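So this block is data37.cif, mmCIF, C-alpha atoms and all ligand atoms:
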data_my_file
#
loop_
_atom_site.label_atom_id
_atom_site.label_comp_id
_atom_site.auth_asym_id
_atom_site.auth_seq_id
_atom_site.Cartn_x
_atom_site.Cartn_y
_atom_site.Cartn_z
CA MET B 19 65.25 60.23 215.46
CA THR B 20 64.26 61.29 219.01
CA GLU B 21 61.45 63.39 217.57
CA LEU B 22 60.25 60.50 215.42
CA VAL B 23 60.19 58.15 218.42
CA GLN B 24 58.27 60.69 220.50
CA GLU B 25 55.81 61.35 217.69
CA CYS B 26 55.15 57.62 217.23
CA LYS B 27 54.70 57.07 220.96
CA SER B 28 52.21 59.88 221.17
CA LEU B 29 50.30 58.61 218.12
CA PHE B 30 50.08 55.10 219.60
CA LYS B 31 49.00 56.55 222.95
CA ASN B 32 46.21 58.57 221.35
CA LEU B 33 45.01 55.86 219.01
CA LEU B 34 44.96 53.09 221.62
CA LYS B 35 44.00 55.37 224.55
CA ILE B 36 46.96 53.99 226.52
CA PRO B 37 46.61 55.09 230.17
CA ASP B 38 49.27 57.32 231.79
CA ASN B 39 50.48 54.54 234.09
CA PHE B 40 51.85 52.62 231.07
CA SER B 41 55.18 53.10 229.29
CA ILE B 42 55.62 52.61 225.57
CA PHE B 43 58.88 51.71 223.84
CA PHE B 44 60.10 50.15 220.63
CA MET B 45 62.56 47.31 220.18
CA SER B 46 64.43 45.88 217.23
CA GLY B 47 64.16 42.14 216.72
CA GLY B 48 60.47 41.49 216.17
CA ALA B 49 58.00 39.65 218.31
CA THR B 50 60.02 36.46 218.81
CA SER B 51 62.59 38.34 220.87
CA GLN B 52 59.80 39.11 223.36
CA PHE B 53 59.43 35.38 224.06
CA ALA B 54 62.78 35.62 225.89
CA SER B 55 62.49 39.26 227.01
CA ILE B 56 59.36 38.64 229.05
CA PRO B 57 60.76 36.02 231.44
CA LEU B 58 64.12 37.85 231.51
CA ASN B 59 62.31 40.90 232.87
CA LEU B 60 59.48 39.47 234.97
CA ILE B 61 61.14 36.42 236.53
CA ASP B 62 63.69 37.02 239.29
CA ASN B 63 65.20 33.57 239.68
CA PRO B 64 65.10 30.21 237.87
CA ASN B 65 62.72 28.80 240.50
CA SER B 66 60.11 31.48 239.86
CA MET B 67 56.86 30.38 238.29
CA ALA B 68 54.90 31.59 235.25
CA SER B 69 51.64 30.27 233.73
CA TYR B 70 51.21 30.00 229.97
CA VAL B 71 48.16 29.35 227.83
CA VAL B 72 49.37 27.31 224.85
CA ASN B 73 46.74 27.04 222.12
CA GLY B 74 48.77 27.51 218.96
CA ALA B 75 52.22 27.66 217.44
CA TRP B 76 53.24 31.09 218.72
CA SER B 77 52.26 30.63 222.35
CA ASN B 78 53.97 27.25 222.20
CA LEU B 79 57.25 28.86 221.14
CA ALA B 80 56.91 31.45 223.90
CA PHE B 81 56.28 28.65 226.43
CA ASP B 82 59.38 26.74 225.24
CA GLU B 83 61.52 29.84 225.59
CA CYS B 84 60.30 30.52 229.11
CA LYS B 85 61.00 26.89 230.09
CA ARG B 86 64.70 27.58 229.57
CA MET B 87 64.66 30.23 232.30
CA ALA B 88 61.96 29.49 234.84
CA LYS B 89 59.47 26.98 236.15
CA VAL B 90 56.57 27.32 233.81
CA THR B 91 53.18 25.64 233.99
CA LEU B 92 50.51 25.20 231.37
CA ALA B 93 47.27 26.98 232.24
CA ASN B 94 45.39 24.72 229.80
CA PRO B 95 46.98 21.26 230.15
CA ASN B 96 43.85 19.57 228.78
CA GLN B 97 44.23 21.15 225.37
CA PRO B 98 46.80 19.10 223.42
CA LYS B 99 48.17 20.22 220.04
CA LYS B 100 45.44 18.43 218.11
CA ASP B 101 42.90 20.69 219.87
CA TRP B 102 44.55 24.01 219.07
CA ASN B 103 41.27 25.16 217.58
CA TYR B 104 39.86 27.31 220.38
CA ALA B 105 40.75 30.03 222.87
CA PRO B 106 40.38 28.46 226.31
CA LYS B 107 38.73 30.29 229.21
CA LEU B 108 40.63 30.05 232.49
CA GLN B 109 39.49 29.12 235.99
CA LYS B 110 41.34 30.21 239.09
CA SER B 111 42.63 26.67 239.58
CA ASP B 112 44.25 26.73 236.13
CA ILE B 113 46.78 29.31 237.23
CA HIS B 114 49.64 28.44 239.55
CA PRO B 115 49.15 30.80 242.54
CA GLU B 116 52.84 31.72 242.59
CA SER B 117 52.90 32.75 238.95
CA LYS B 118 54.71 35.99 238.29
CA TYR B 119 52.48 36.46 235.26
CA VAL B 120 49.97 34.73 232.98
CA TYR B 121 50.88 34.65 229.31
CA TYR B 122 48.67 34.12 226.27
CA CYS B 123 48.59 34.96 222.56
CA ASP B 124 45.54 37.07 221.64
CA ASN B 125 45.50 35.84 218.03
CA GLU B 126 47.19 32.61 216.97
CA THR B 127 48.11 33.53 213.39
CA ILE B 128 48.83 30.02 212.10
CA HIS B 129 45.87 28.29 213.76
CA GLY B 130 43.35 31.07 213.07
CA VAL B 131 42.26 31.27 216.72
CA GLU B 132 41.51 34.56 218.48
CA TYR B 133 40.32 35.56 221.94
CA SER B 134 37.22 37.75 221.71
CA GLN B 135 37.92 38.85 225.31
CA PRO B 136 41.18 38.40 227.25
CA PRO B 137 41.15 35.38 229.58
CA GLU B 138 40.57 36.04 233.30
CA SER B 139 43.92 35.99 235.15
CA PHE B 140 42.58 36.29 238.71
CA GLY B 141 44.69 39.21 239.89
CA ILE B 142 47.94 37.99 238.32
CA ASP B 143 49.49 40.24 235.66
CA LEU B 144 48.38 39.33 232.17
CA VAL B 145 50.93 39.45 229.34
CA THR B 146 49.83 39.14 225.74
CA ASP B 147 51.26 38.75 222.26
CA MET B 148 49.04 40.83 219.95
CA THR B 149 51.33 40.65 216.94
CA SER B 150 48.72 39.64 214.40
CA ASN B 151 45.63 41.50 215.64
CA PHE B 152 47.17 44.67 217.07
CA LEU B 153 45.42 47.84 215.83
CA THR B 154 42.44 45.86 214.55
CA LYS B 155 40.34 46.59 217.66
CA PRO B 156 40.35 48.76 220.80
CA VAL B 157 42.30 47.37 223.79
CA ASP B 158 41.25 47.64 227.45
CA PHE B 159 44.62 48.20 229.10
CA THR B 160 43.21 47.84 232.61
CA LYS B 161 43.24 44.07 231.96
CA PHE B 162 46.94 43.89 231.08
CA GLY B 163 50.41 44.16 232.54
CA ILE B 164 52.12 43.97 229.13
CA VAL B 165 50.82 44.13 225.56
CA TYR B 166 53.37 43.66 222.80
CA SER B 167 53.27 43.37 219.05
CA GLY B 168 55.63 42.86 216.16
CA ALA B 169 55.04 45.39 213.39
CA GLN B 170 54.76 43.19 210.34
CA LYS B 171 51.02 42.51 210.15
CA ASN B 172 49.25 45.77 210.80
CA TRP B 173 51.63 48.60 211.41
CA GLY B 174 54.99 48.38 209.67
CA PRO B 175 57.83 46.31 208.24
CA ALA B 176 59.15 43.18 210.02
CA GLY B 177 61.86 43.57 212.63
CA LEU B 178 60.31 46.16 214.95
CA ALA B 179 58.23 45.55 218.05
CA ILE B 180 56.29 47.76 220.43
CA VAL B 181 56.06 47.00 224.15
CA ILE B 182 53.36 48.66 226.26
CA ILE B 183 53.99 47.94 229.91
CA ARG B 184 52.42 49.03 233.20
CA ASN B 185 55.00 51.18 234.97
CA ASP B 186 55.24 49.18 238.18
CA LEU B 187 56.43 46.15 236.17
CA LEU B 188 59.49 48.15 235.16
CA ASN B 189 60.68 47.88 238.76
CA LYS B 190 60.96 44.09 238.65
CA LYS B 191 64.48 42.83 239.20
CA GLY B 192 64.41 40.33 236.36
CA LEU B 193 67.11 37.74 235.72
CA PRO B 194 70.68 38.98 236.30
CA TYR B 195 71.97 38.06 232.85
CA LYS B 196 69.36 39.91 230.78
CA PRO B 197 71.08 41.81 227.97
CA LYS B 198 70.64 45.58 227.84
CA SER B 199 68.90 45.31 224.47
CA MET B 200 66.16 43.28 226.23
CA ASP B 201 66.07 45.18 229.52
CA TYR B 202 62.60 46.75 229.65
CA SER B 203 63.41 49.25 232.35
CA TYR B 204 66.55 50.45 230.51
CA LEU B 205 64.67 50.63 227.20
CA ALA B 206 61.76 52.57 228.72
CA LYS B 207 64.18 54.98 230.42
CA THR B 208 66.43 55.58 227.39
CA ASP B 209 63.55 55.75 224.90
CA SER B 210 65.41 54.25 221.91
CA SER B 211 68.18 56.85 222.24
CA GLU B 212 70.87 54.37 223.41
CA ILE B 213 69.68 51.32 221.48
CA PRO B 214 68.21 52.69 218.27
CA VAL B 215 65.39 51.11 216.32
CA PRO B 216 65.04 51.16 212.52
CA ALA B 217 63.95 54.68 211.51
CA PHE B 218 62.32 53.59 208.25
CA ALA B 219 60.10 51.13 210.14
CA LEU B 220 59.03 53.92 212.51
CA VAL B 221 58.19 56.22 209.60
CA VAL B 222 55.94 53.50 208.16
CA ALA B 223 54.37 53.01 211.60
CA ARG B 224 53.70 56.76 211.92
CA GLU B 225 52.02 56.95 208.52
CA THR B 226 50.00 53.78 209.21
CA ILE B 227 48.64 55.14 212.48
CA LYS B 228 47.67 58.39 210.76
CA TRP B 229 45.90 56.32 208.10
CA ILE B 230 43.98 54.36 210.75
CA MET B 231 42.97 57.59 212.49
CA ALA B 232 41.79 59.11 209.21
CA ASN B 233 39.80 55.96 208.45
CA GLY B 234 37.68 55.75 211.56
CA GLY B 235 40.12 54.53 214.25
CA LEU B 236 40.16 51.18 216.00
CA THR B 237 36.39 50.79 216.36
CA ARG B 238 36.08 51.06 212.59
CA MET B 239 39.04 48.68 212.03
CA ASN B 240 37.22 46.16 214.21
CA GLU B 241 33.94 46.58 212.31
CA LEU B 242 35.77 46.06 209.02
CA SER B 243 37.66 43.02 210.36
CA VAL B 244 34.37 41.46 211.47
CA GLN B 245 32.71 42.23 208.15
CA LYS B 246 35.59 40.95 206.01
CA SER B 247 36.15 37.76 207.99
CA GLN B 248 32.40 37.03 208.17
CA ILE B 249 32.14 37.08 204.37
CA LEU B 250 34.82 34.39 204.17
CA TYR B 251 33.47 32.31 207.07
CA ASP B 252 30.00 32.39 205.46
CA THR B 253 31.51 31.24 202.17
CA ILE B 254 33.27 28.39 203.96
CA ASP B 255 30.23 27.38 206.05
CA GLN B 256 27.90 27.46 203.04
CA SER B 257 30.19 25.34 200.86
CA ASN B 258 28.69 21.95 201.87
CA GLY B 259 32.04 20.76 203.20
CA PHE B 260 34.11 21.81 200.20
CA TYR B 261 35.91 24.29 202.47
CA VAL B 262 36.26 23.33 206.12
CA ASN B 263 37.20 25.57 209.05
CA SER B 264 37.44 23.57 212.28
CA VAL B 265 37.98 26.47 214.69
CA LYS B 266 35.22 26.74 217.31
CA LYS B 267 32.89 29.54 216.28
CA ASP B 268 33.49 31.76 219.31
CA SER B 269 37.26 31.57 218.75
CA ARG B 270 37.43 32.23 215.02
CA SER B 271 40.02 34.84 214.17
CA ARG B 272 38.84 38.08 212.55
CA VAL B 273 42.17 38.40 210.75
CA ASN B 274 43.47 34.91 209.88
CA ILE B 275 40.82 32.72 208.29
CA ILE B 276 42.13 29.20 207.82
CA CYS B 277 40.46 26.32 206.00
CA LYS B 278 41.12 22.98 204.37
CA LEU B 279 39.71 21.80 201.08
CA GLN B 280 37.49 18.70 201.04
CA GLY B 281 39.42 15.66 202.26
CA ASN B 282 42.45 17.92 202.82
CA ASP B 283 43.41 17.10 199.24
CA LYS B 284 46.97 18.33 198.68
CA VAL B 285 46.74 18.40 194.87
CA LEU B 286 43.51 20.42 194.99
CA THR B 287 44.98 22.76 197.59
CA ASP B 288 48.06 23.44 195.43
CA LEU B 289 45.77 24.03 192.47
CA PHE B 290 43.72 26.54 194.50
CA VAL B 291 46.87 28.43 195.48
CA ASN B 292 48.20 28.54 191.90
CA GLU B 293 44.87 29.51 190.34
CA ALA B 294 44.31 32.17 193.00
CA GLN B 295 47.69 33.64 192.19
CA LYS B 296 46.71 33.90 188.51
CA HIS B 297 43.69 35.93 189.68
CA GLY B 298 45.92 38.30 191.64
CA LEU B 299 45.02 36.68 194.99
CA LEU B 300 48.41 36.13 196.62
CA GLN B 301 49.71 34.33 199.72
CA VAL B 302 46.70 32.10 200.34
CA ALA B 303 48.61 28.93 201.29
CA GLY B 304 48.34 27.88 204.93
CA HIS B 305 51.48 27.93 207.06
CA GLN B 306 53.81 25.05 206.15
CA SER B 307 53.31 23.45 209.58
CA VAL B 308 49.54 23.05 209.12
CA GLY B 309 48.96 23.12 205.34
CA GLY B 310 45.56 24.01 203.89
CA LEU B 311 44.69 27.62 203.13
CA ARG B 312 44.97 30.83 205.11
CA PHE B 313 43.40 34.14 204.18
CA SER B 314 44.99 36.97 206.16
CA VAL B 315 42.74 40.00 206.18
CA TYR B 316 44.75 42.60 208.03
CA ASN B 317 43.79 46.29 208.03
CA GLY B 318 45.51 46.80 204.68
CA MET B 319 43.24 44.32 202.86
CA PRO B 320 40.34 46.22 201.25
CA LEU B 321 36.79 44.87 201.20
CA ASP B 322 37.01 44.64 197.43
CA GLY B 323 39.85 42.10 197.75
CA ILE B 324 37.67 39.97 200.03
CA LEU B 325 34.77 40.06 197.57
CA ARG B 326 37.11 38.99 194.77
CA LEU B 327 38.42 36.15 196.91
CA GLN B 328 34.86 35.10 197.77
CA GLN B 329 33.92 34.96 194.09
CA PHE B 330 37.06 33.00 193.30
CA MET B 331 36.28 30.49 196.08
CA LYS B 332 32.75 29.98 194.74
CA ASP B 333 33.97 29.54 191.17
CA PHE B 334 36.72 27.17 192.25
CA GLN B 335 34.19 25.09 194.17
CA ALA B 336 31.80 24.98 191.21
CA ASN B 337 34.63 23.78 188.98
CA HIS B 338 36.11 21.18 191.31
CA GLN B 339 33.54 19.84 193.80
CA ASN B 340 33.06 16.10 193.49
CA LYS B 341 35.21 15.94 190.39
CA PRO B 342 37.40 12.84 190.10
CA LYS B 343 40.91 13.33 191.54
CA LEU B 344 43.30 15.19 189.28
C1 LIG B 401 51.31 35.92 216.95
C2 LIG B 401 52.73 36.01 216.51
N1 LIG B 401 53.69 36.09 217.43
C3 LIG B 401 54.99 36.17 217.09
C4 LIG B 401 55.38 36.19 215.77
C5 LIG B 401 56.85 36.29 215.43
O1 LIG B 401 57.12 37.56 214.94
P1 LIG B 401 58.56 38.03 214.45
O2 LIG B 401 58.73 37.49 213.09
O3 LIG B 401 58.47 39.52 214.48
O4 LIG B 401 59.57 37.52 215.40
C6 LIG B 401 54.41 36.11 214.76
C7 LIG B 401 54.81 36.13 213.34
O5 LIG B 401 54.07 36.27 212.44
C8 LIG B 401 53.05 36.02 215.14
O6 LIG B 401 52.09 35.96 214.22
#

This structure in structure tokens:
Amino acid sequence: MTELVQECKSLFKNLLKIPDNFSIFFMSGGATSQFASIPLNLIDNPNSMASYVVNGAWSNLAFDECKRMAKVTLANPNQPKKDWNYAPKLQKSDIHPESKYVYYCDNETIHGVEYSQPPESFGIDLVTDMTSNFLTKPVDFTKFGIVYSGAQKNWGPAGLAIVIIRNDLLNKKGLPYKPKSMDYSYLAKTDSSEIPVPAFALVVARETIKWIMANGGLTRMNELSVQKSQILYDTIDQSNGFYVNSVKKDSRSRVNIICKLQGNDKVLTDLFVNEAQKHGLLQVAGHQSVGGLRFSVYNGMPLDGILRLQQFMKDFQANHQNKPKL
């Protein structure tokens, strides 16, 4: 097990070019457990302050969790839930000067919104959730204090997370009641030897990283993500309003392409999902909280699958546009 952990750490380090002043460790419990782990480790008392960008469902959950432990402010208070369709840029005045860190989600999976560049955090440590776009592009670690990701989209089975943290942040006192299983400094020091992580998940991670390396690395994964998502965005944009994506163009996700069918017609949407399934195109329904459609094009989705989906979308449109309601 120790060898497997070390091998995975070294593969991640090489693939992502993680600098020497960062520690890498794995945790059981997925990405959601980081919503609590981050304030537990970076906040030292309940009156400490943190700033959160909330522009989608996942950052909203992280914000709610932090609220239970610290004084947290919104960095983008002028972006209510109905406007969760873009990745806001930050000004210095958006960040509370006493913030212990600035938190944002690099890719909002449910809302199909992605940052093309991390937001400016004006000298305050930046913490990011990269669960759904991790390993789809290179990462500039000089911009971050912490990058974390759950495994289930691009690098392994659900239930495992990776935390990549700048070493000086491991010296933070944190809140006194943080459990050992969430104590970053303990986890970095003991390297999964005291609190084990699922070995099968690590084996899948190891093989996935080797596959990415053999297939051109992160620059190539990014090129493919751009190419695959662009095919679907073009299909949507050229559909004369049959498919609608309302995410601002500079914030459109390369990995989660969401859209609604004309008039957000529920019957037509269900029909699309069922017909797609018959064509071997699975899991195209949008998240239950937003409805519509969502096409997730993680690294594992081949270009051929995207071309088949594109053809299906065109055929479905030809068969159903402006037809009387079913
Ligand atoms: C961006 C993001 N953050 C967090 C999570 C929660 O991950 P987990 O199920 O590992 O707790 C997800 C789940 O898909 C996600 O997409």

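Excluding Tyr261 of chain B itself and same-chain residues fewer than 6 positions from it, the residues having an atom within 9 Å of it are Thr253, Ile254, Asp255, Cys277, Lys278, Leu279, Gln280, Met331 and Gln335 of chain B, counting all atoms listed in the file.
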
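Once all atoms listed in the file are used for the distance check, the residues close to ligand LIG 401 (chain B) at 8 Å turn out to be Gly47, Gly48, Ala49, Thr50, Ser51, Trp76, Ser77, Cys123, Asp124, Asn125, Glu126, Thr127, Ile128, Asp147, Met148, Thr149, Ser150, Ser167, Gly168, Ala169, Gln170, Lys171, Ala176, Gly177, Leu178 and Ala179 of chain B.
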
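By chain and then residue number, the residues within 9 Å of segment 107-117 of chain B are Ser66, Met67, Ala68, Ser69, Tyr70, Val71, Val90, Thr91, Leu92, Ala93, Asn94, Pro95, Val120, Pro136, Pro137, Glu138, Ser139, Phe140, Ile142 and Asp143 of chain B, counting only C-alpha atoms and disregarding those fewer than 3 positions away in sequence.
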
- Query: Can you tell me, as a PyMOL selection string, what residues are no more than 9 Å from segment 36-40 of chain B when counting all atoms listed in the file, ignoring any on the same chain fewer than 4 positions away?
  - Reply: chain B and resi 30-32+157-160+163-164+182-186

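Taking atom CA of Asn274 of chain B and atom CA of Gln301 of chain B as endpoints, the distance between them is 11.9 Å.
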
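Using all atoms listed in the file, the shortest contact distance between Ile276 of chain B and any of B:Ala336, B:Val131, B:Met239, B:Val181 is found at B:Val131.
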
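The space separating atom CA of Lys332 of chain B from atom CA of Gly309 of chain B comes to 20.5 Å.
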
- Please indicate the distance in Å from atom CA of Leu22 of chain B to atom CA of Phe218 of chain B, rounded to one decimal place. 10.2 Å

- Residues at most 8 Å from Ile275 of chain B, counting only C-alpha atoms, excluding those fewer than 3 positions away in the same chain, as a VMD selection string? chain B and resid 130 247 250 to 251 270 to 272 312 to 315
